[in-house]
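*Asks:* My structure is below; once you've seen it, I'll send some questions.
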Amino acid sequence: MKLIDCIEAGAARLQAAGVAFGQGTLNAFDEAAWLTLWRLGLPLDALDDHAEDALTPTQQAEVAALIEQRISTRQPAAYLTGEAWLQGVPFFIDRRSIVPRSFIAELIAEGSFDAWLGEHTQAVLDLCTGNGSLAVLAAMAWPEVQVTGADLSPDALAVAQRNMERHGLQERIRLVQGDGLSAVAGQRFDLVLCNPPYVNAQSMAALPPEFRAEPELALAGGADGMDFIRRLLAELPAHLNEGGVLVLEIGHERPFFEAAFPELEPVWLETSAGGDMVLLLTREQLG
């Protein structure tokens with residue numbers, strides 16, 4: 001069996017089993033390719049170079065076993081491999097933190113909100129940092145800034161510590177533990193990135209097992225998904241310098257956001273999933 005045939009067989013098996021995607025891949029083929037290449041010790045971008053490689057019976061069995069593990073456990077692929085990628089950058093991941101997939105990552109890479117930044121942008125906060133991926137990407141994108149990563153979960157921060165060290169950014173990133181902005185009491189920032197828990201209660205109840213495998217603390221946002229965000233917007237002015245901005249991810253919750261904050265007129269930033277996922281608010285807009 002060729003490697004490409006093995007991937008296609010794995011994709012068919014995943015599709016038939018009805019597993020859920022969206023935690024690093026969006027479809028069965030990409031998920032099967034990820035798991036197959038990882039199990040064979042091949043780079044994840046090496047499919048074209050190895051598609052016609054013949055696999056031994058042992059290799060085929062190892063890949064099939066991993067596909068079956070993905071199906072039987074309903075664990076996200078990233079938890080099985082211990083690695084996730086965001087904007088081409090690898091990150092360690094395990095069950096202590098949600099799988100990184102923030103649209104803010106692509107906005108950083110594309111410079112989508114650079115117009116609001118400048119020489120005054122020196123202090124960046126990644127609030128709800130999780131495994132630290134946005135903090136790492138911010139430090140990589142803007143070498144002149146200092147980044148603080150904050151999270152309520154000590155477990156998540158332990159994962160973030162590994163990623164900070166993996167990318168040699170210990171001098172540029174500081175990790176702090178606490179509930180929301182209380183983690184940075186008395187401190188002010190020029191840019192706040194935040195991918196908070198925002199899933200509304202009805203959506204939480206309907207989540208597939210793969211997403212239930214992730215820490216609920218990082219997902220559940222209350223009845224309308226806005227519990228954390230209400231506190232954030234009320235407290236943030238005291239933590240933003242003049243000219244500072246908030247870049248906030250809210251996923252599919254725009255209707256709930258607009259109902260909760262009808263007086264706000266944020267800038268909606270265009271992402272690969274549309275223009276309703278991430279918004280930007282200035283210090284002046286927040287009052």
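So you can find residues: chains in the structure tokens are A, B, ... in the order shown, residues in each start at 1, and ligands are numbered from 1 in order.
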So that each row is one residue of segment 26-127 of chain A with an atom at most 9 Å from segment 145-151 of chain A, can you give its shortest atom pair and the distance in Å to one decimal, using only C-alpha atoms, rows by chain and rising number, as CSV?

*Replies:*
```
residue,atom,partner,partner_atom,distance
A:Thr121,CA,A:Val145,CA,7.0
A:Gln122,CA,A:Val145,CA,4.6
A:Ala123,CA,A:Gln146,CA,5.2
A:Val124,CA,A:Val147,CA,4.7
A:Leu125,CA,A:Thr148,CA,4.8
A:Asp126,CA,A:Gly149,CA,4.8
A:Leu127,CA,A:Ala150,CA,5.0
```

*Asks:* Enumerate, in order of chain and increasing residue number, the residues of segment 61-120 of chain A with an atom no farther than 12 Å from segment 1-18 of chain A, each with its shortest atom pair and distance in Å to one decimal, counting only C-alpha atoms, as a tab-separated table.

*Replies:*
```
residue	atom	partner	partner_atom	distance
A:Ala61	CA	A:Cys6	CA	10.0
A:Glu62	CA	A:Cys6	CA	10.9
A:Val63	CA	A:Cys6	CA	8.0
A:Ala64	CA	A:Gly10	CA	7.0
A:Ala65	CA	A:Gly10	CA	10.1
A:Leu66	CA	A:Gly10	CA	9.5
A:Ile67	CA	A:Gly10	CA	6.4
A:Glu68	CA	A:Arg13	CA	8.4
A:Gln69	CA	A:Leu14	CA	10.6
A:Arg70	CA	A:Leu14	CA	8.3
A:Ile71	CA	A:Ala17	CA	6.7
A:Ser72	CA	A:Ala17	CA	9.2
A:Thr73	CA	A:Ala17	CA	11.7
A:Arg74	CA	A:Gly18	CA	10.0
A:Ala77	CA	A:Leu14	CA	11.6
```

*Asks:* For segment 282-286 of chain A, please output as JSON, numbers by chain all residues within 10 Å (counting only C-alpha atoms; exclusion window: fewer than 4 positions along the same chain).

*Replies:* {"A": [116, 190, 191, 233, 234, 235, 236, 237, 238, 239, 240, 241, 242, 243, 244, 245, 246, 247, 263, 264, 265, 266, 267]}

*Asks:* With 12 Å as the cut-off and only C-alpha atoms counted, what is the closest atom pair between each nearby residue of segment 41-70 of chain A and segment 84-106 of chain A? Distances in Å to one decimal, ordered by chain and number, as CSV.

*Replies:*
```
residue,atom,partner,partner_atom,distance
A:Pro43,CA,A:Pro90,CA,11.3
A:Leu44,CA,A:Trp85,CA,9.6
A:Asp45,CA,A:Gly88,CA,9.7
```

*Asks:* Determine which residues of segment 5-142 of chain A receive a DSSP assignment of helix (DSSP H, G or I), computed from the backbone, and state them as a PyMOL selection string.

*Replies:* chain A and resi 5-17+28-39+47-50+57-73+77-81+104-110+114-116+133-141

*Asks:* For the selection just defined, write its residues with C-alpha atoms to a file, as an mmCIF file, in the first residue's frame.

*Replies:*
```
data_model
loop_
_atom_site.group_PDB
_atom_site.id
_atom_site.type_symbol
_atom_site.label_atom_id
_atom_site.label_comp_id
_atom_site.auth_asym_id
_atom_site.auth_seq_id
_atom_site.Cartn_x
_atom_site.Cartn_y
_atom_site.Cartn_z
ATOM 1 C CA ASP A 5 -3.654 5.060 -0.243
ATOM 2 C CA CYS A 6 -3.148 4.620 3.490
ATOM 3 C CA ILE A 7 -4.262 8.206 4.093
ATOM 4 C CA GLU A 8 -7.333 7.822 1.904
ATOM 5 C CA ALA A 9 -8.279 4.614 3.730
ATOM 6 C CA GLY A 10 -7.851 6.380 7.071
ATOM 7 C CA ALA A 11 -9.943 9.315 5.886
ATOM 8 C CA ALA A 12 -12.729 6.981 4.818
ATOM 9 C CA ARG A 13 -12.605 5.283 8.215
ATOM 10 C CA LEU A 14 -12.767 8.618 10.073
ATOM 11 C CA GLN A 15 -15.624 9.822 7.884
ATOM 12 C CA ALA A 16 -17.610 6.644 8.392
ATOM 13 C CA ALA A 17 -17.109 6.820 12.146
ATOM 14 C CA ALA A 28 -11.242 13.724 7.228
ATOM 15 C CA PHE A 29 -8.454 13.727 4.631
ATOM 16 C CA ASP A 30 -6.386 16.388 6.394
ATOM 17 C CA GLU A 31 -6.891 14.643 9.740
ATOM 18 C CA ALA A 32 -5.836 11.279 8.315
ATOM 19 C CA ALA A 33 -2.818 12.878 6.650
ATOM 20 C CA TRP A 34 -1.770 14.495 9.927
ATOM 21 C CA LEU A 35 -2.040 11.263 11.897
ATOM 22 C CA THR A 36 -0.378 9.151 9.189
ATOM 23 C CA LEU A 37 2.606 11.444 8.642
ATOM 24 C CA TRP A 38 3.097 11.871 12.379
ATOM 25 C CA ARG A 39 2.988 8.129 13.038
ATOM 26 C CA LEU A 47 2.913 14.576 1.754
ATOM 27 C CA ASP A 48 3.724 15.515 -1.835
ATOM 28 C CA ASP A 49 7.261 14.159 -1.464
ATOM 29 C CA HIS A 50 6.193 10.840 0.043
ATOM 30 C CA PRO A 57 2.737 -4.107 6.740
ATOM 31 C CA THR A 58 4.030 -2.935 10.131
ATOM 32 C CA GLN A 59 3.716 0.717 9.144
ATOM 33 C CA GLN A 60 0.219 0.148 7.813
ATOM 34 C CA ALA A 61 -0.782 -1.526 11.070
ATOM 35 C CA GLU A 62 0.672 1.317 13.160
ATOM 36 C CA VAL A 63 -1.229 3.938 11.194
ATOM 37 C CA ALA A 64 -4.453 1.931 11.330
ATOM 38 C CA ALA A 65 -4.097 1.555 15.101
ATOM 39 C CA LEU A 66 -3.706 5.315 15.537
ATOM 40 C CA ILE A 67 -6.749 5.999 13.369
ATOM 41 C CA GLU A 68 -8.746 3.542 15.477
ATOM 42 C CA GLN A 69 -7.488 5.231 18.664
ATOM 43 C CA ARG A 70 -8.714 8.557 17.316
ATOM 44 C CA ILE A 71 -12.124 6.999 16.672
ATOM 45 C CA SER A 72 -12.500 4.985 19.862
ATOM 46 C CA THR A 73 -11.307 7.678 22.297
ATOM 47 C CA ALA A 77 -5.639 14.408 17.102
ATOM 48 C CA ALA A 78 -3.407 16.999 18.773
ATOM 49 C CA TYR A 79 -3.782 15.235 22.118
ATOM 50 C CA LEU A 80 -2.733 11.955 20.506
ATOM 51 C CA THR A 81 0.325 13.462 18.808
ATOM 52 C CA ILE A 104 -6.164 35.965 15.949
ATOM 53 C CA ALA A 105 -3.086 33.981 14.895
ATOM 54 C CA GLU A 106 -3.753 34.552 11.201
ATOM 55 C CA LEU A 107 -4.508 38.237 11.832
ATOM 56 C CA ILE A 108 -1.111 38.623 13.527
ATOM 57 C CA ALA A 109 0.622 36.861 10.637
ATOM 58 C CA GLU A 110 -1.169 38.976 8.026
ATOM 59 C CA ASP A 114 -0.941 46.715 12.386
ATOM 60 C CA ALA A 115 -2.544 50.052 11.461
ATOM 61 C CA TRP A 116 -3.560 50.449 15.120
ATOM 62 C CA SER A 133 0.513 30.079 21.258
ATOM 63 C CA LEU A 134 -0.710 33.647 20.712
ATOM 64 C CA ALA A 135 1.882 34.994 23.144
ATOM 65 C CA VAL A 136 4.606 33.184 21.209
ATOM 66 C CA LEU A 137 3.307 34.364 17.835
ATOM 67 C CA ALA A 138 3.051 37.947 19.102
ATOM 68 C CA ALA A 139 6.622 37.871 20.385
ATOM 69 C CA MET A 140 7.773 36.498 17.033
ATOM 70 C CA ALA A 141 5.816 39.080 15.021
#
```

*Asks:* Find the residues around Glu258 of chain A up to 12 Å (only C-alpha atoms counted), leave out those fewer than 3 positions away in its own chain, and share them as a VMD selection string.

*Replies:* chain A and resid 224 to 226 229 to 230 250 252 to 255 261 to 266 268 276 279

*Asks:* Please identify all polymer residues within 7 Å of Leu248 of chain A, counting only C-alpha atoms, omitting same-chain residues fewer than 4 positions from it, and present them as a list in words.

*Replies:*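 Surrounding residues, per the criterion: Leu193, Cys194, Asn195, Val278, Leu279 and Leu280 of chain A.
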
*Asks:* Restricting the output to all heavy atoms, write the selected residues as a PDB file, in the first residue's frame.

*Replies:*
```pdb
ATOM      1  N   LEU A 193      -4.618  40.963  23.452  1.00  0.00           N
ATOM      2  CA  LEU A 193      -5.180  39.886  22.634  1.00  0.00           C
ATOM      3  C   LEU A 193      -5.966  38.982  23.559  1.00  0.00           C
ATOM      4  O   LEU A 193      -5.500  38.644  24.650  1.00  0.00           O
ATOM      5  CB  LEU A 193      -4.062  39.081  21.963  1.00  0.00           C
ATOM      6  CG  LEU A 193      -2.997  39.869  21.189  1.00  0.00           C
ATOM      7  CD1 LEU A 193      -1.869  38.937  20.757  1.00  0.00           C
ATOM      8  CD2 LEU A 193      -3.612  40.562  19.990  1.00  0.00           C
ATOM      9  N   CYS A 194      -7.148  38.574  23.143  1.00  0.00           N
ATOM     10  CA  CYS A 194      -7.942  37.722  24.026  1.00  0.00           C
ATOM     11  C   CYS A 194      -8.824  36.776  23.227  1.00  0.00           C
ATOM     12  O   CYS A 194      -9.661  37.213  22.435  1.00  0.00           O
ATOM     13  CB  CYS A 194      -8.810  38.586  24.948  1.00  0.00           C
ATOM     14  SG  CYS A 194      -9.687  37.620  26.213  1.00  0.00           S
ATOM     15  N   ASN A 195      -8.604  35.494  23.437  1.00  0.00           N
ATOM     16  CA  ASN A 195      -9.479  34.446  22.905  1.00  0.00           C
ATOM     17  C   ASN A 195     -10.090  33.749  24.120  1.00  0.00           C
ATOM     18  O   ASN A 195      -9.587  32.734  24.578  1.00  0.00           O
ATOM     19  CB  ASN A 195      -8.676  33.463  22.047  1.00  0.00           C
ATOM     20  CG  ASN A 195      -9.553  32.384  21.437  1.00  0.00           C
ATOM     21  OD1 ASN A 195     -10.755  32.552  21.318  1.00  0.00           O
ATOM     22  ND2 ASN A 195      -8.951  31.266  21.068  1.00  0.00           N
ATOM     23  N   VAL A 278     -13.722  37.943  14.919  1.00  0.00           N
ATOM     24  CA  VAL A 278     -12.770  38.716  15.720  1.00  0.00           C
ATOM     25  C   VAL A 278     -13.087  40.201  15.563  1.00  0.00           C
ATOM     26  O   VAL A 278     -13.334  40.675  14.454  1.00  0.00           O
ATOM     27  CB  VAL A 278     -11.317  38.443  15.283  1.00  0.00           C
ATOM     28  CG1 VAL A 278     -10.334  39.239  16.148  1.00  0.00           C
ATOM     29  CG2 VAL A 278     -10.990  36.955  15.354  1.00  0.00           C
ATOM     30  N   LEU A 279     -13.049  40.926  16.678  1.00  0.00           N
ATOM     31  CA  LEU A 279     -13.335  42.354  16.647  1.00  0.00           C
ATOM     32  C   LEU A 279     -12.197  43.137  17.301  1.00  0.00           C
ATOM     33  O   LEU A 279     -11.404  42.593  18.065  1.00  0.00           O
ATOM     34  CB  LEU A 279     -14.659  42.655  17.337  1.00  0.00           C
ATOM     35  CG  LEU A 279     -14.781  42.268  18.816  1.00  0.00           C
ATOM     36  CD1 LEU A 279     -14.381  43.427  19.739  1.00  0.00           C
ATOM     37  CD2 LEU A 279     -16.203  41.820  19.141  1.00  0.00           C
ATOM     38  N   LEU A 280     -12.164  44.403  16.973  1.00  0.00           N
ATOM     39  CA  LEU A 280     -11.161  45.312  17.570  1.00  0.00           C
ATOM     40  C   LEU A 280     -11.867  46.495  18.176  1.00  0.00           C
ATOM     41  O   LEU A 280     -12.764  47.091  17.578  1.00  0.00           O
ATOM     42  CB  LEU A 280     -10.173  45.763  16.487  1.00  0.00           C
ATOM     43  CG  LEU A 280      -9.037  46.689  16.927  1.00  0.00           C
ATOM     44  CD1 LEU A 280      -7.767  46.430  16.111  1.00  0.00           C
ATOM     45  CD2 LEU A 280      -9.425  48.173  16.803  1.00  0.00           C
TER      46      LEU A 280
END
```

*Asks:* In Å, how far is it from atom CA of Gly221 of chain A to atom CA of Ala160 of chain A?

*Replies:* 21.9 Å

*Asks:* Under the rule that only C-alpha atoms are counted, which of A:Ser203, A:Val192, A:Leu217, A:Pro154 is the nearest residue to Phe113 of chain A?

*Replies:*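 Smallest separation from Phe113 of chain A among the options: A:Val192.
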
*Asks:* Between A:Gly130, A:Gly41, A:Asn27, A:Ser182, which is the closest to Met164 of chain A once you count only C-alpha atoms?

*Replies:*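 Ranked by minimum distance to Met164 of chain A, first place goes to A:Gly130.
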
*Asks:* A:Met277, A:Leu175, A:Leu55, A:Val184: which is nearest Leu157 of chain A, counting only C-alpha atoms?

*Replies:*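 Checking each of A:Met277, A:Leu175, A:Leu55, A:Val184 against Leu157 of chain A, counting only C-alpha atoms, the winner is A:Leu175.
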
*Asks:* So that I can check the surroundings of Met204 of chain A, please list as JSON, numbers by chain every protein, DNA and RNA residue that reaches within 9 Å of it, counting only C-alpha atoms and ignoring chain neighbours fewer than 6 positions away.

*Replies:* {"A": [212, 216, 219, 220, 221]}

*Asks:* Pick out each residue of segment 41-187 of chain A that DSSP on the backbone tags as strand (DSSP E or B); I need them as a CSV table (one decimal) with all heavy atoms, in the first residue's frame.

*Replies:*
```csv
chain,number,residue,atom,x,y,z
A,54,ALA,N,6.0,3.3,-0.6
A,54,ALA,CA,5.3,2.0,-0.2
A,54,ALA,C,5.5,1.8,1.3
A,54,ALA,O,6.6,2.0,1.8
A,54,ALA,CB,5.9,0.9,-1.0
A,83,GLU,N,1.2,17.5,19.7
A,83,GLU,CA,1.7,18.7,18.9
A,83,GLU,C,0.6,19.3,18.1
A,83,GLU,O,-0.3,18.6,17.6
A,83,GLU,CB,2.9,18.3,18.0
A,83,GLU,CG,3.6,19.5,17.4
A,83,GLU,CD,4.9,19.1,16.8
A,83,GLU,OE1,4.9,18.4,15.8
A,83,GLU,OE2,5.9,19.5,17.4
A,84,ALA,N,0.6,20.6,18.0
A,84,ALA,CA,-0.4,21.3,17.2
A,84,ALA,C,0.4,22.4,16.5
A,84,ALA,O,1.4,22.9,16.9
A,84,ALA,CB,-1.5,21.9,18.0
A,85,TRP,N,-0.1,22.8,15.3
A,85,TRP,CA,0.5,23.9,14.5
A,85,TRP,C,-0.4,25.0,14.3
A,85,TRP,O,-1.6,24.9,14.1
A,85,TRP,CB,0.9,23.3,13.1
A,85,TRP,CG,1.9,22.2,13.2
A,85,TRP,CD1,1.8,21.0,13.7
A,85,TRP,CD2,3.3,22.4,12.8
A,85,TRP,NE1,3.0,20.3,13.6
A,85,TRP,CE2,3.9,21.1,13.1
A,85,TRP,CE3,4.1,23.4,12.3
A,85,TRP,CZ2,5.3,20.9,12.8
A,85,TRP,CZ3,5.4,23.2,12.0
A,85,TRP,CH2,6.0,21.9,12.3
A,86,LEU,N,0.1,26.2,14.4
A,86,LEU,CA,-0.6,27.4,14.2
A,86,LEU,C,0.3,28.4,13.4
A,86,LEU,O,1.4,28.7,13.8
A,86,LEU,CB,-1.0,28.1,15.6
A,86,LEU,CG,-2.2,29.0,15.6
A,86,LEU,CD1,-3.5,28.3,15.1
A,86,LEU,CD2,-2.4,29.5,17.0
A,89,VAL,N,3.8,27.3,12.9
A,89,VAL,CA,4.6,27.2,14.1
A,89,VAL,C,4.2,26.0,15.0
A,89,VAL,O,3.0,25.9,15.3
A,89,VAL,CB,4.6,28.5,14.9
A,89,VAL,CG1,5.5,28.4,16.2
A,89,VAL,CG2,5.1,29.7,14.0
A,90,PRO,N,5.1,25.2,15.4
A,90,PRO,CA,4.7,24.0,16.2
A,90,PRO,C,4.6,24.3,17.7
A,90,PRO,O,5.4,25.1,18.2
A,90,PRO,CB,5.8,23.0,16.0
A,90,PRO,CG,7.0,23.9,15.7
A,90,PRO,CD,6.5,25.1,15.0
A,91,PHE,N,3.6,23.7,18.3
A,91,PHE,CA,3.4,23.9,19.7
A,91,PHE,C,3.1,22.6,20.4
A,91,PHE,O,2.4,21.8,19.9
A,91,PHE,CB,2.2,24.9,20.0
A,91,PHE,CG,2.4,26.3,19.5
A,91,PHE,CD1,1.9,26.7,18.3
A,91,PHE,CD2,3.1,27.2,20.3
A,91,PHE,CE1,2.1,27.9,17.8
A,91,PHE,CE2,3.3,28.5,19.8
A,91,PHE,CZ,2.8,28.9,18.6
A,92,PHE,N,3.7,22.4,21.6
A,92,PHE,CA,3.4,21.3,22.4
A,92,PHE,C,1.9,21.5,23.0
A,92,PHE,O,1.5,22.6,23.3
A,92,PHE,CB,4.3,21.2,23.6
A,92,PHE,CG,3.9,20.2,24.7
A,92,PHE,CD1,4.0,18.8,24.4
A,92,PHE,CD2,3.3,20.7,25.9
A,92,PHE,CE1,3.6,17.9,25.4
A,92,PHE,CE2,2.9,19.8,26.8
A,92,PHE,CZ,3.0,18.4,26.6
A,123,ALA,N,4.0,47.1,25.2
A,123,ALA,CA,3.5,46.0,26.2
A,123,ALA,C,2.3,45.3,25.6
A,123,ALA,O,1.3,46.0,25.4
A,123,ALA,CB,3.2,46.7,27.5
A,124,VAL,N,2.4,44.0,25.5
A,124,VAL,CA,1.3,43.2,24.9
A,124,VAL,C,0.8,42.2,25.9
A,124,VAL,O,1.6,41.6,26.6
A,124,VAL,CB,1.7,42.5,23.6
A,124,VAL,CG1,0.6,41.6,23.1
A,124,VAL,CG2,2.1,43.5,22.6
A,125,LEU,N,-0.5,42.1,26.1
A,125,LEU,CA,-1.1,41.1,27.0
A,125,LEU,C,-1.9,40.1,26.2
A,125,LEU,O,-2.7,40.4,25.4
A,125,LEU,CB,-2.0,41.7,28.0
A,125,LEU,CG,-2.9,40.8,28.9
A,125,LEU,CD1,-2.0,39.9,29.8
A,125,LEU,CD2,-3.9,41.6,29.7
A,126,ASP,N,-1.5,38.8,26.4
A,126,ASP,CA,-2.3,37.7,25.8
A,126,ASP,C,-3.2,37.1,26.9
A,126,ASP,O,-2.6,36.3,27.7
A,126,ASP,CB,-1.4,36.6,25.2
A,126,ASP,CG,-2.2,35.4,24.6
A,126,ASP,OD1,-3.4,35.6,24.4
A,126,ASP,OD2,-1.7,34.3,24.5
A,127,LEU,N,-4.4,37.6,27.0
A,127,LEU,CA,-5.3,37.2,28.1
A,127,LEU,C,-6.0,35.9,27.8
A,127,LEU,O,-6.5,35.7,26.6
A,127,LEU,CB,-6.3,38.3,28.4
A,127,LEU,CG,-7.2,38.1,29.7
A,127,LEU,CD1,-6.3,38.1,30.9
A,127,LEU,CD2,-8.1,39.3,29.7
A,146,GLN,N,7.3,43.5,24.7
A,146,GLN,CA,7.3,42.5,25.8
A,146,GLN,C,5.9,42.0,25.9
A,146,GLN,O,5.0,42.7,25.9
A,146,GLN,CB,7.8,43.2,27.1
A,146,GLN,CG,9.2,43.6,27.2
A,146,GLN,CD,10.2,42.4,27.1
A,146,GLN,OE1,10.0,41.4,27.8
A,146,GLN,NE2,11.2,42.5,26.3
A,147,VAL,N,5.8,40.7,26.1
A,147,VAL,CA,4.5,40.0,26.1
A,147,VAL,C,4.3,39.4,27.5
A,147,VAL,O,5.1,38.7,28.1
A,147,VAL,CB,4.4,38.9,25.0
A,147,VAL,CG1,3.1,38.2,25.0
A,147,VAL,CG2,4.7,39.5,23.6
A,148,THR,N,3.0,39.6,28.0
A,148,THR,CA,2.6,38.9,29.2
A,148,THR,C,1.5,37.9,28.8
A,148,THR,O,0.5,38.3,28.1
A,148,THR,CB,2.0,39.9,30.2
A,148,THR,OG1,3.1,40.8,30.6
A,148,THR,CG2,1.5,39.2,31.5
A,149,GLY,N,1.6,36.7,29.2
A,149,GLY,CA,0.6,35.7,29.0
A,149,GLY,C,-0.1,35.4,30.3
A,149,GLY,O,0.6,35.0,31.3
A,150,ALA,N,-1.4,35.5,30.4
A,150,ALA,CA,-2.2,35.3,31.6
A,150,ALA,C,-3.3,34.3,31.4
A,150,ALA,O,-3.9,34.3,30.4
A,150,ALA,CB,-2.8,36.7,32.1
A,151,ASP,N,-3.5,33.5,32.5
A,151,ASP,CA,-4.5,32.5,32.4
A,151,ASP,C,-4.9,32.1,33.9
A,151,ASP,O,-4.1,32.2,34.8
A,151,ASP,CB,-4.0,31.2,31.7
A,151,ASP,CG,-5.2,30.4,31.1
A,151,ASP,OD1,-5.9,29.8,31.8
A,151,ASP,OD2,-5.4,30.5,29.9
A,173,ILE,N,8.7,36.8,27.1
A,173,ILE,CA,7.3,36.5,27.6
A,173,ILE,C,7.4,36.2,29.1
A,173,ILE,O,8.2,35.5,29.5
A,173,ILE,CB,6.8,35.3,26.8
A,173,ILE,CG1,6.7,35.5,25.3
A,173,ILE,CG2,5.4,34.9,27.3
A,173,ILE,CD1,6.3,34.3,24.5
A,174,ARG,N,6.4,36.8,29.7
A,174,ARG,CA,6.2,36.5,31.2
A,174,ARG,C,4.8,35.9,31.4
A,174,ARG,O,3.8,36.4,30.8
A,174,ARG,CB,6.3,37.9,31.9
A,174,ARG,CG,6.1,37.8,33.4
A,174,ARG,CD,6.3,39.1,34.1
A,174,ARG,NE,5.2,40.1,33.6
A,174,ARG,CZ,4.2,40.4,34.3
A,174,ARG,NH1,4.0,39.9,35.6
A,174,ARG,NH2,3.3,41.3,33.9
A,175,LEU,N,4.8,34.8,32.1
A,175,LEU,CA,3.5,34.1,32.4
A,175,LEU,C,3.0,34.4,33.8
A,175,LEU,O,3.8,34.3,34.7
A,175,LEU,CB,3.7,32.6,32.1
A,175,LEU,CG,4.1,32.2,30.7
A,175,LEU,CD1,4.3,30.7,30.7
A,175,LEU,CD2,3.0,32.6,29.7
A,176,VAL,N,1.7,34.7,33.9
A,176,VAL,CA,1.1,35.0,35.2
A,176,VAL,C,-0.2,34.3,35.3
A,176,VAL,O,-0.9,34.1,34.4
A,176,VAL,CB,1.0,36.6,35.4
A,176,VAL,CG1,2.3,37.3,35.5
A,176,VAL,CG2,0.1,37.2,34.3
A,177,GLN,N,-0.5,33.9,36.6
A,177,GLN,CA,-1.8,33.2,36.8
A,177,GLN,C,-2.7,34.1,37.6
A,177,GLN,O,-2.4,34.8,38.5
A,177,GLN,CB,-1.5,32.0,37.7
A,177,GLN,CG,-2.6,31.0,37.8
A,177,GLN,CD,-3.5,31.3,39.0
A,177,GLN,OE1,-3.0,31.9,40.0
A,177,GLN,NE2,-4.8,31.0,38.9
```

*Asks:* Figure out the distance between atom CA of Asp155 of chain A and atom CA of Ala201 of chain A, please, to one decimal in Å.

*Replies:* 23.9 Å
